[in-house]
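Enquirer: The structure file my_file.csv (CSV, C-alpha atoms and all ligand atoms) is provided below.
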```csv
chain,number,residue,atom,x,y,z
W,1,MET,CA,66.6,138.3,63.3
W,2,LEU,CA,65.6,142.0,63.8
W,3,ILE,CA,68.1,144.0,65.9
W,4,LEU,CA,67.4,147.4,67.4
W,5,GLY,CA,70.6,149.5,67.5
W,6,ILE,CA,71.0,152.4,69.9
W,7,GLU,CA,73.9,154.9,69.9
W,8,SER,CA,74.4,157.8,72.4
W,9,SER,CA,78.2,158.0,72.9
W,10,CYS,CA,78.6,161.7,72.2
W,11,ASP,CA,76.3,164.3,70.9
W,12,ASP,CA,74.0,162.3,68.5
W,13,THR,CA,71.1,160.1,69.7
W,14,ALA,CA,70.6,157.4,67.1
W,15,ALA,CA,68.4,154.3,66.6
W,16,ALA,CA,68.2,151.8,63.8
W,17,VAL,CA,66.5,148.5,62.9
W,18,TYR,CA,68.7,146.0,61.1
W,19,ASP,CA,67.8,142.5,59.8
W,20,GLY,CA,70.9,140.5,60.6
W,21,GLU,CA,70.3,137.3,58.7
W,22,ASN,CA,69.2,139.0,55.5
W,23,ASP,CA,71.8,141.8,55.9
W,24,ARG,CA,69.1,144.5,55.4
W,25,LEU,CA,68.9,147.9,57.1
W,26,LEU,CA,65.3,148.7,57.7
W,27,SER,CA,65.7,152.1,59.2
W,28,SER,CA,68.3,154.5,60.7
W,29,VAL,CA,67.4,157.8,62.4
W,30,LEU,CA,69.4,160.3,64.3
W,31,SER,CA,68.8,163.4,66.4
W,32,SER,CA,71.7,165.7,66.3
W,33,GLN,CA,72.6,168.1,69.1
W,34,HIS,CA,74.9,170.4,67.0
W,35,GLY,CA,72.5,173.3,67.5
W,36,ILE,CA,72.8,173.0,71.3
W,37,HIS,CA,76.6,172.8,71.4
W,38,SER,CA,77.6,175.1,68.6
W,39,GLN,CA,77.2,178.2,70.8
W,40,PHE,CA,79.9,176.8,73.1
W,41,GLY,CA,82.2,175.7,70.3
W,42,GLY,CA,82.3,172.1,71.4
W,43,VAL,CA,80.3,169.4,73.2
W,44,VAL,CA,79.1,170.3,76.8
W,45,PRO,CA,78.8,166.8,78.4
W,46,GLU,CA,76.1,167.7,80.9
W,47,LEU,CA,73.9,169.2,78.1
W,48,ALA,CA,74.6,166.2,75.9
W,49,SER,CA,73.3,163.7,78.6
W,50,ARG,CA,70.2,165.7,79.2
W,51,GLN,CA,69.4,165.9,75.5
W,52,HIS,CA,69.9,162.1,75.1
W,53,LEU,CA,67.4,161.6,77.9
W,54,LYS,CA,64.8,163.6,75.9
W,55,ALA,CA,65.6,162.0,72.5
W,56,VAL,CA,66.3,158.3,73.1
W,57,HIS,CA,62.8,157.0,73.4
W,58,PRO,CA,61.4,159.2,70.5
W,59,MET,CA,64.3,158.0,68.3
W,60,VAL,CA,63.7,154.4,69.0
W,61,VAL,CA,59.9,154.8,68.3
W,62,GLU,CA,60.8,156.6,65.0
W,63,ALA,CA,63.2,153.8,64.0
W,64,LEU,CA,60.6,151.2,64.6
W,65,ASP,CA,57.9,153.2,62.8
W,66,ARG,CA,60.1,153.7,59.7
W,67,ALA,CA,61.0,150.0,59.7
W,68,GLU,CA,57.3,149.3,60.0
W,69,VAL,CA,57.8,146.9,63.0
W,70,GLY,CA,56.8,147.0,66.6
W,71,PHE,CA,58.7,146.4,69.9
W,72,GLU,CA,57.4,142.8,69.8
W,73,ASP,CA,59.2,142.1,66.5
W,74,ILE,CA,62.7,143.0,67.9
W,75,GLN,CA,64.8,140.0,68.9
W,76,LEU,CA,68.0,141.7,70.0
W,77,ILE,CA,69.1,145.1,71.2
W,78,ALA,CA,72.6,146.3,70.4
W,79,VAL,CA,73.8,149.4,72.2
W,80,THR,CA,77.1,151.4,72.4
W,81,GLN,CA,78.8,150.5,75.6
W,82,GLY,CA,81.9,152.8,75.1
W,83,PRO,CA,84.1,154.6,74.4
W,84,GLY,CA,82.5,158.1,74.8
W,85,LEU,CA,81.2,160.5,77.3
W,86,ILE,CA,80.1,158.5,80.3
W,87,GLY,CA,76.9,160.5,81.0
W,88,SER,CA,75.9,160.2,77.3
W,89,LEU,CA,76.7,156.5,77.1
W,90,LEU,CA,74.7,155.8,80.3
W,91,VAL,CA,71.5,157.1,78.9
W,92,GLY,CA,71.4,154.8,75.8
W,93,PHE,CA,72.9,151.9,77.8
W,94,SER,CA,70.5,152.1,80.7
W,95,TYR,CA,67.6,152.5,78.3
W,96,ALA,CA,68.7,149.5,76.2
W,97,LYS,CA,69.2,147.2,79.2
W,98,ALA,CA,65.8,148.2,80.7
W,99,LEU,CA,64.0,147.7,77.3
W,100,ALA,CA,65.7,144.3,76.7
W,101,TYR,CA,64.7,143.2,80.3
W,102,ARG,CA,61.1,144.4,79.7
W,103,LEU,CA,60.9,142.6,76.3
W,104,GLY,CA,62.7,139.5,77.6
W,105,ILE,CA,65.3,139.6,74.8
W,106,PRO,CA,69.1,139.7,74.9
W,107,CYS,CA,71.2,142.9,74.8
W,108,VAL,CA,74.8,143.2,73.5
W,109,GLY,CA,77.2,146.0,74.3
W,110,VAL,CA,79.1,147.2,71.3
W,111,ASP,CA,82.5,149.1,71.2
W,112,HIS,CA,81.8,152.2,69.2
W,113,LEU,CA,85.1,151.8,67.3
W,114,ALA,CA,84.0,148.3,66.1
W,115,GLY,CA,80.9,150.1,64.7
W,116,HIS,CA,83.1,152.5,62.8
W,117,ILE,CA,85.3,149.7,61.4
W,118,LEU,CA,82.3,147.7,60.3
W,119,SER,CA,80.1,150.6,59.0
W,120,VAL,CA,81.3,149.9,55.4
W,121,PHE,CA,79.4,146.6,55.6
W,122,LEU,CA,76.2,148.7,55.4
W,123,GLU,CA,77.1,149.4,51.8
W,124,ASP,CA,76.5,147.0,48.9
W,125,GLU,CA,80.2,146.6,48.1
W,126,LYS,CA,81.8,144.9,51.1
W,127,PRO,CA,85.5,144.3,51.8
W,128,ALA,CA,86.9,140.8,52.5
W,129,PHE,CA,88.8,140.1,55.8
W,130,PRO,CA,91.6,140.8,56.7
W,131,PHE,CA,91.8,144.5,56.1
W,132,ILE,CA,93.4,147.6,57.6
W,133,ALA,CA,90.9,150.0,59.1
W,134,LEU,CA,91.6,153.7,59.9
W,135,THR,CA,89.0,155.1,62.3
W,136,VAL,CA,89.1,158.8,62.6
W,137,SER,CA,86.5,160.9,64.5
W,138,GLY,CA,86.1,163.5,67.1
W,139,GLY,CA,87.3,161.1,69.8
W,140,THR,CA,89.6,158.7,68.1
W,141,SER,CA,92.3,158.2,65.4
W,142,SER,CA,93.3,154.6,65.3
W,143,LEU,CA,94.6,151.9,63.0
W,144,PHE,CA,93.3,148.3,63.2
W,145,LEU,CA,94.0,145.0,61.6
W,146,ALA,CA,90.4,143.7,61.2
W,147,GLU,CA,90.5,139.9,61.0
W,148,SER,CA,86.8,139.2,61.3
W,149,TYR,CA,83.6,140.9,62.3
W,150,THR,CA,84.6,140.5,65.9
W,151,SER,CA,88.4,140.4,66.0
W,152,PHE,CA,90.5,143.6,65.7
W,153,LYS,CA,94.2,144.2,66.5
W,154,HIS,CA,94.9,147.7,67.5
W,155,LEU,CA,98.0,148.8,65.5
W,156,GLY,CA,98.2,152.5,66.4
W,157,ARG,CA,96.3,155.2,68.2
W,158,THR,CA,96.4,158.9,68.9
W,159,ARG,CA,98.7,160.0,71.7
W,160,ASP,CA,96.9,163.3,72.2
W,161,ASP,CA,94.2,165.0,70.1
W,162,ALA,CA,92.1,162.9,67.7
W,163,ALA,CA,92.1,164.1,64.1
W,164,GLY,CA,88.5,165.4,64.3
W,165,GLU,CA,89.3,167.1,67.6
W,166,ALA,CA,92.2,168.9,65.9
W,167,PHE,CA,89.8,170.0,63.0
W,168,ASP,CA,87.3,171.2,65.6
W,169,LYS,CA,89.9,173.2,67.6
W,170,VAL,CA,91.4,174.8,64.5
W,171,ALA,CA,88.0,175.8,63.3
W,172,LYS,CA,87.2,177.4,66.6
W,173,LEU,CA,90.5,179.3,66.5
W,174,LEU,CA,89.6,180.6,63.0
W,175,GLY,CA,86.1,181.6,64.2
W,176,LEU,CA,84.3,178.8,62.2
W,177,PRO,CA,81.2,177.1,63.6
W,178,TYR,CA,81.1,173.7,65.4
W,179,PRO,CA,81.5,171.0,64.3
W,180,GLY,CA,84.6,172.4,62.6
W,181,GLY,CA,85.7,169.5,60.3
W,182,PRO,CA,83.1,170.1,57.5
W,183,GLU,CA,83.7,173.9,57.8
W,184,VAL,CA,87.5,173.6,57.5
W,185,SER,CA,87.2,171.3,54.6
W,186,LYS,CA,84.8,173.7,52.8
W,187,LYS,CA,87.2,176.6,53.3
W,188,ALA,CA,90.1,174.4,52.2
W,189,VAL,CA,88.6,173.9,48.7
W,190,ASN,CA,89.7,177.4,47.7
W,191,GLY,CA,92.9,177.5,49.7
W,192,ASP,CA,96.5,176.7,48.7
W,193,ARG,CA,97.7,173.5,50.3
W,194,ASP,CA,101.3,174.5,50.1
W,195,ALA,CA,100.8,178.1,51.4
W,196,ILE,CA,102.0,177.3,54.9
W,197,SER,CA,104.3,174.4,55.9
W,198,PHE,CA,102.6,172.9,59.0
W,199,PRO,CA,104.5,170.1,60.8
W,200,ARG,CA,103.7,166.4,60.3
W,201,ALA,CA,104.3,164.3,63.5
W,202,TRP,CA,105.7,161.0,62.2
W,203,LEU,CA,106.8,160.0,65.8
W,204,GLU,CA,109.4,157.2,66.1
W,205,GLU,CA,110.5,155.5,62.9
W,206,ASP,CA,107.8,153.1,61.7
W,207,SER,CA,105.4,154.1,64.5
W,208,LEU,CA,101.7,153.7,63.7
W,209,ASP,CA,100.6,156.0,66.4
W,210,PHE,CA,99.3,159.5,65.7
W,211,SER,CA,99.7,162.9,67.3
W,212,PHE,CA,97.8,166.0,66.1
W,213,SER,CA,98.3,168.5,69.0
W,214,GLY,CA,101.6,169.8,67.4
W,215,VAL,CA,99.9,170.7,64.1
W,216,LYS,CA,97.0,172.3,66.0
W,217,THR,CA,99.5,174.4,68.1
W,218,ALA,CA,101.4,175.4,64.9
W,219,VAL,CA,98.2,176.8,63.5
W,220,LEU,CA,97.6,178.7,66.7
W,221,ASN,CA,101.2,180.1,66.6
W,222,TYR,CA,100.8,181.1,62.9
W,223,HIS,CA,97.6,182.8,63.7
W,224,ASN,CA,99.1,184.7,66.6
W,225,GLN,CA,102.2,185.8,64.6
W,226,CYS,CA,99.9,187.2,61.8
W,227,LYS,CA,98.0,189.2,64.4
W,228,GLN,CA,101.2,190.5,66.0
W,229,LYS,CA,102.5,191.5,62.6
W,230,LYS,CA,99.1,193.0,61.8
W,231,GLN,CA,98.9,190.8,58.7
W,232,PRO,CA,95.6,189.4,57.6
W,233,VAL,CA,95.1,185.6,58.1
W,234,ASN,CA,94.2,183.9,54.9
W,235,VAL,CA,91.6,181.4,56.4
W,236,GLU,CA,91.3,179.4,53.2
W,237,ASP,CA,95.1,178.8,52.9
W,238,VAL,CA,95.4,178.0,56.7
W,239,CYS,CA,92.5,175.4,56.3
W,240,ALA,CA,94.0,173.9,53.1
W,241,SER,CA,97.5,173.7,54.6
W,242,PHE,CA,96.4,172.3,57.9
W,243,GLN,CA,94.1,169.7,56.3
W,244,GLU,CA,96.9,168.6,54.0
W,245,ALA,CA,99.2,168.0,57.0
W,246,VAL,CA,96.6,165.9,58.7
W,247,VAL,CA,95.7,163.9,55.6
W,248,ASP,CA,99.3,163.3,54.7
W,249,VAL,CA,100.0,161.6,58.1
W,250,LEU,CA,96.7,159.6,58.2
W,251,THR,CA,97.2,158.3,54.7
W,252,GLN,CA,100.9,157.5,54.9
W,253,LYS,CA,100.6,155.6,58.2
W,254,THR,CA,97.6,153.7,56.9
W,255,LEU,CA,99.5,152.5,53.8
W,256,LEU,CA,102.5,151.7,56.0
W,257,ALA,CA,100.3,149.5,58.1
W,258,ALA,CA,99.0,147.8,55.0
W,259,ALA,CA,102.5,147.2,53.6
W,260,ARG,CA,103.8,145.9,57.0
W,261,HIS,CA,100.9,143.4,57.3
W,262,ARG,CA,100.9,142.6,53.5
W,263,ILE,CA,97.2,143.6,53.3
W,264,LYS,CA,95.6,144.9,50.1
W,265,THR,CA,92.4,146.1,51.5
W,266,VAL,CA,91.9,149.4,53.3
W,267,VAL,CA,88.7,150.6,55.1
W,268,LEU,CA,87.9,154.1,56.4
W,269,GLY,CA,85.5,154.9,59.2
W,270,GLY,CA,84.5,157.7,61.6
W,271,GLY,CA,83.3,161.2,61.0
W,272,VAL,CA,86.5,162.5,59.5
W,273,SER,CA,86.4,159.9,56.8
W,274,ALA,CA,83.7,162.1,55.2
W,275,ASN,CA,86.5,164.5,54.4
W,276,ALA,CA,86.8,164.7,50.6
W,277,ARG,CA,90.5,165.4,50.5
W,278,LEU,CA,91.2,162.4,52.8
W,279,ARG,CA,89.2,160.2,50.5
W,280,GLU,CA,91.0,161.5,47.5
W,281,VAL,CA,94.5,161.2,48.8
W,282,MET,CA,93.8,157.8,50.4
W,283,GLY,CA,92.3,156.6,47.1
W,284,ASP,CA,95.4,157.7,45.1
W,285,ARG,CA,97.9,156.2,47.6
W,286,CYS,CA,95.9,153.0,47.8
W,287,GLN,CA,96.0,152.7,44.0
W,288,ALA,CA,99.7,153.4,43.9
W,289,GLN,CA,100.3,150.6,46.4
W,290,GLY,CA,97.9,148.1,44.7
W,291,CYS,CA,95.3,148.3,47.5
W,292,GLU,CA,91.5,148.6,47.3
W,293,LEU,CA,89.8,151.3,49.4
W,294,PHE,CA,86.3,150.9,50.9
W,295,VAL,CA,84.5,153.9,52.5
W,296,ALA,CA,80.9,154.1,53.6
W,297,ARG,CA,78.7,157.0,52.6
W,298,PRO,CA,79.1,160.1,54.8
W,299,ALA,CA,76.0,159.4,56.9
W,300,PHE,CA,77.4,156.0,57.9
W,301,CYS,CA,80.9,157.4,58.4
W,302,ALA,CA,79.6,159.6,61.2
W,303,ASP,CA,78.0,158.3,64.4
W,304,ASN,CA,74.9,156.2,63.6
W,305,ALA,CA,73.1,153.3,65.2
W,306,ALA,CA,73.0,151.1,62.0
W,307,MET,CA,76.7,150.3,62.5
W,308,ILE,CA,76.0,149.4,66.1
W,309,ALA,CA,73.2,147.1,65.2
W,310,LEU,CA,75.3,145.4,62.6
W,311,ALA,CA,78.3,145.0,64.9
W,312,GLY,CA,76.0,143.8,67.7
W,313,TYR,CA,74.5,141.1,65.5
W,314,HIS,CA,78.0,139.6,64.9
W,315,LEU,CA,78.8,139.7,68.7
W,316,PHE,CA,75.5,138.0,69.4
W,317,ARG,CA,76.5,135.2,67.1
W,318,LEU,CA,79.4,134.6,69.5
W,319,GLU,CA,76.9,134.7,72.4
W,320,LYS,CA,78.5,137.8,73.8
W,321,THR,CA,75.4,139.1,75.6
W,322,LEU,CA,75.3,141.7,78.4
W,323,GLN,CA,74.5,141.0,82.0
W,324,LEU,CA,72.3,143.5,83.8
W,325,GLU,CA,75.1,144.7,86.1
W,326,GLU,CA,77.5,145.5,83.4
W,327,ASP,CA,78.6,149.1,83.0
W,328,VAL,CA,79.8,151.5,80.3
W,329,PHE,CA,83.5,152.3,79.6
W,330,SER,CA,85.2,155.5,78.5
W,331,ARG,CA,88.2,153.9,76.6
W,332,SER,CA,88.0,151.4,73.8
W,333,LYS,CA,88.5,147.8,74.8
W,334,LEU,CA,89.4,146.7,71.2
W,335,GLY,CA,92.7,144.8,70.6
C,401,LIG,O1,82.3,159.9,64.1
C,401,LIG,P1,81.7,161.3,64.5
C,401,LIG,O2,80.4,161.7,63.9
C,401,LIG,O3,81.6,161.4,66.0
C,401,LIG,C1,82.6,160.9,66.9
C,401,LIG,O4,82.5,159.7,67.3
C,401,LIG,O5,83.4,161.7,67.3
C,401,LIG,O6,82.8,162.3,64.1
C,401,LIG,C2,82.7,163.7,64.3
C,401,LIG,C3,84.0,164.4,64.0
C,401,LIG,C4,84.0,165.9,64.3
C,401,LIG,O7,85.2,166.2,65.0
C,401,LIG,C5,83.9,166.5,63.0
C,401,LIG,O8,84.5,167.8,62.9
C,401,LIG,C6,84.6,165.6,62.1
C,401,LIG,O9,84.2,164.3,62.6
C,401,LIG,N1,84.2,165.7,60.7
C,401,LIG,C7,85.1,166.1,59.7
C,401,LIG,C8,84.4,166.2,58.5
C,401,LIG,N2,83.1,165.8,58.8
C,401,LIG,C9,83.0,165.6,60.1
C,401,LIG,N3,86.4,166.4,59.8
C,401,LIG,C10,87.0,166.7,58.6
C,401,LIG,N4,86.4,166.8,57.4
C,401,LIG,C11,85.1,166.6,57.3
C,401,LIG,N5,84.4,166.7,56.2
```
Please go through the file and, once you have read it, give me the structure as structure tokens.

Expert:
Amino acid sequence: MLILGIESSCDDTAAAVYDGENDRLLSSVLSSQHGIHSQFGGVVPELASRQHLKAVHPMVVEALDRAEVGFEDIQLIAVTQGPGLIGSLLVGFSYAKALAYRLGIPCVGVDHLAGHILSVFLEDEKPAFPFIALTVSGGTSSLFLAESYTSFKHLGRTRDDAAGEAFDKVAKLLGLPYPGGPEVSKKAVNGDRDAISFPRAWLEEDSLDFSFSGVKTAVLNYHNQCKQKKQPVNVEDVCASFQEAVVDVLTQKTLLAAARHRIKTVVLGGGVSANARLREVMGDRCQAQGCELFVARPAFCADNAAMIALAGYHLFRLEKTLQLEEDVFSRSKLG
């Protein structure tokens, strides 16, 4: 069965063709809007929706071309239904429903977080269920117990800023370009992780929730204090110390979740999981706890339509198809 995946939840318009039965990805293409939003230091929702409108059809045509198939070969459309920016979601969602109606084929609505949890299945080495999944991106920081391709228990979530959002805001404060995560991690390479002791929000004892607004504010305060004292800000040290605080909390809580549920497999997903220090510390801590870590390549960690096609295929097998009148949603409905 050939599935056309469509993703437009934030600032990337993506399309992919995936062969579900043979577990083969035939194409995956993406049109990034970073150039449009970078001048504003963050995503401008109105501009994002307008850009999706321009890009969605060309991306779908390109995905089909690269897969060397036509519209008539597609048997299912899988589209991101939420969470995300409503205007952005509506573009891909309306396009997908209209195309499915025109082609007379079913359409499934996929939760974007399910895509991130399952993106690792796009790689050759696949984890076995059950596993603990940490999904960290610009819009989410969540821990899940994944029991199957379609069953996820939400164990913890961010109470304020998502990890990627904190990276982006800290980068903006330090005058680094958007998106800030890759820039902060580049600067951190030459910085001292122990130079500044930024706070870690552990929350209540044993809580699996996250909070990153405190560490972000601590960076702001540190920055302002340096300016008041007319001291230079060592951007590399700030980046390394900030990154270490975020990575410390993400990794410790993930391993706590694994221990609590007696799980020996950990999966990382979402744009922030491209972070080299997060991968390194998570790898070390998993090894120390006897867990195996699975992470997709960076292109599949970030937003993409291949993960949506794969997740959609498994939903379709449960006959979870969309009705024409269904709508998008801004908050995840998982677990
Ligand atoms: O998953 P994604 O592409 O889109 C969302 O669904 O949000 O994630 C984008 C987020 C941005 O906040 C970006 O700054 C962050 O992932 N990010 C990183 C890195 N690469 C991307 N954060 C830290 N380190 C990185 N290397």

Enquirer: Do you have, as a Markdown table, the list of residues of chain W lying at most 8 Å from ligand LIG 401 (chain C), each with its nearest atom pair and that distance in Å to one decimal, counting all atoms listed in the file and ordered by chain then number?

Expert:
```
| residue | atom | partner | partner_atom | distance |
| --- | --- | --- | --- | --- |
| W:Ser9 | CA | C:LIG401 | O4 | 7.3 |
| W:Cys10 | CA | C:LIG401 | O4 | 6.6 |
| W:Asp11 | CA | C:LIG401 | O3 | 7.8 |
| W:Asp12 | CA | C:LIG401 | O2 | 7.9 |
| W:Gly84 | CA | C:LIG401 | O4 | 7.7 |
| W:His112 | CA | C:LIG401 | O4 | 7.8 |
| W:His116 | CA | C:LIG401 | O1 | 7.6 |
| W:Val136 | CA | C:LIG401 | O1 | 7.0 |
| W:Ser137 | CA | C:LIG401 | O6 | 4.0 |
| W:Gly138 | CA | C:LIG401 | O5 | 3.3 |
| W:Gly139 | CA | C:LIG401 | O5 | 4.7 |
| W:Thr140 | CA | C:LIG401 | O5 | 6.9 |
| W:Ala163 | CA | C:LIG401 | O7 | 7.3 |
| W:Gly164 | CA | C:LIG401 | O7 | 3.5 |
| W:Glu165 | CA | C:LIG401 | O7 | 4.9 |
| W:Ala166 | CA | C:LIG401 | O7 | 7.6 |
| W:Phe167 | CA | C:LIG401 | O8 | 5.7 |
| W:Asp168 | CA | C:LIG401 | O8 | 5.2 |
| W:Tyr178 | CA | C:LIG401 | O8 | 7.3 |
| W:Pro179 | CA | C:LIG401 | O8 | 4.6 |
| W:Gly180 | CA | C:LIG401 | O8 | 4.6 |
| W:Gly181 | CA | C:LIG401 | N3 | 3.2 |
| W:Pro182 | CA | C:LIG401 | N5 | 3.9 |
| W:Glu183 | CA | C:LIG401 | N5 | 7.4 |
| W:Val184 | CA | C:LIG401 | N4 | 6.9 |
| W:Ser185 | CA | C:LIG401 | N4 | 5.4 |
| W:Lys186 | CA | C:LIG401 | N5 | 7.8 |
| W:Gly269 | CA | C:LIG401 | O1 | 7.7 |
| W:Gly270 | CA | C:LIG401 | O1 | 4.0 |
| W:Gly271 | CA | C:LIG401 | O6 | 3.3 |
| W:Val272 | CA | C:LIG401 | C7 | 3.9 |
| W:Ser273 | CA | C:LIG401 | C8 | 6.8 |
| W:Ala274 | CA | C:LIG401 | N5 | 4.8 |
| W:Asn275 | CA | C:LIG401 | N5 | 3.5 |
| W:Ala276 | CA | C:LIG401 | N5 | 6.4 |
| W:Leu278 | CA | C:LIG401 | N4 | 8.0 |
| W:Cys301 | CA | C:LIG401 | O1 | 6.4 |
| W:Ala302 | CA | C:LIG401 | O2 | 3.5 |
| W:Asp303 | CA | C:LIG401 | O2 | 4.2 |
| W:Asn304 | CA | C:LIG401 | O2 | 7.8 |
```

Enquirer: I want to know what sits within 9 Å of segment 77-81 of chain W, based on all atoms listed in the file, with residues of the same chain fewer than 6 positions away left out; could you give that as a VMD selection string?

Expert: chain W and resid 2 to 9 89 to 90 92 to 93 96 to 97 99 to 100 105 to 112 115 305 308 to 313 316 327 to 330

Enquirer: Between atom CA of Thr135 of chain W and atom CA of Ala114 of chain W, what is the distance, to one decimal in Å?

Expert: 9.3 Å

Enquirer: For Val246 of chain W, which residue among W:His34, W:Lys172, W:His154, W:Arg200 is the nearest when counting all atoms listed in the file?

Expert: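 Among W:His34, W:Lys172, W:His154, W:Arg200, it is W:Arg200 that comes nearest to Val246 of chain W.
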
Enquirer: Under the rule that only C-alpha atoms are counted, which of W:Glu244, W:Pro130, W:Gly20, W:Leu155 is the nearest residue to Leu208 of chain W?

Expert: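 Selected residue with least distance to Leu208 of chain W: W:Leu155.
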
Enquirer: Ranking W:Pro177, W:Ser142, W:Ala257, W:Arg102 by minimum distance to Gly35 of chain W and counting all atoms listed in the file, which one comes first?

Expert: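 Result for the nearest residue to Gly35 of chain W: W:Pro177.
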
Enquirer: For the atom pair atom CA of Ala296 of chain W and atom CA of Arg24 of chain W, what is the interatomic distance in Å to one decimal place?

Expert: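 Between these atoms lies a distance of 15.3 Å.
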
Enquirer: My list of candidates is W:Lys216, W:Ala48, W:Leu173, W:Ile117. Which is closest to Phe152 of chain W when distances are computed with all atoms listed in the file?

Expert: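 Closest to Phe152 of chain W, using all atoms listed in the file: W:Ile117.
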
Enquirer: Distance atom CA of Gln252 of chain W-atom CA of Cys286 of chain W, one decimal place?

Expert: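 So the answer is 9.8 Å.
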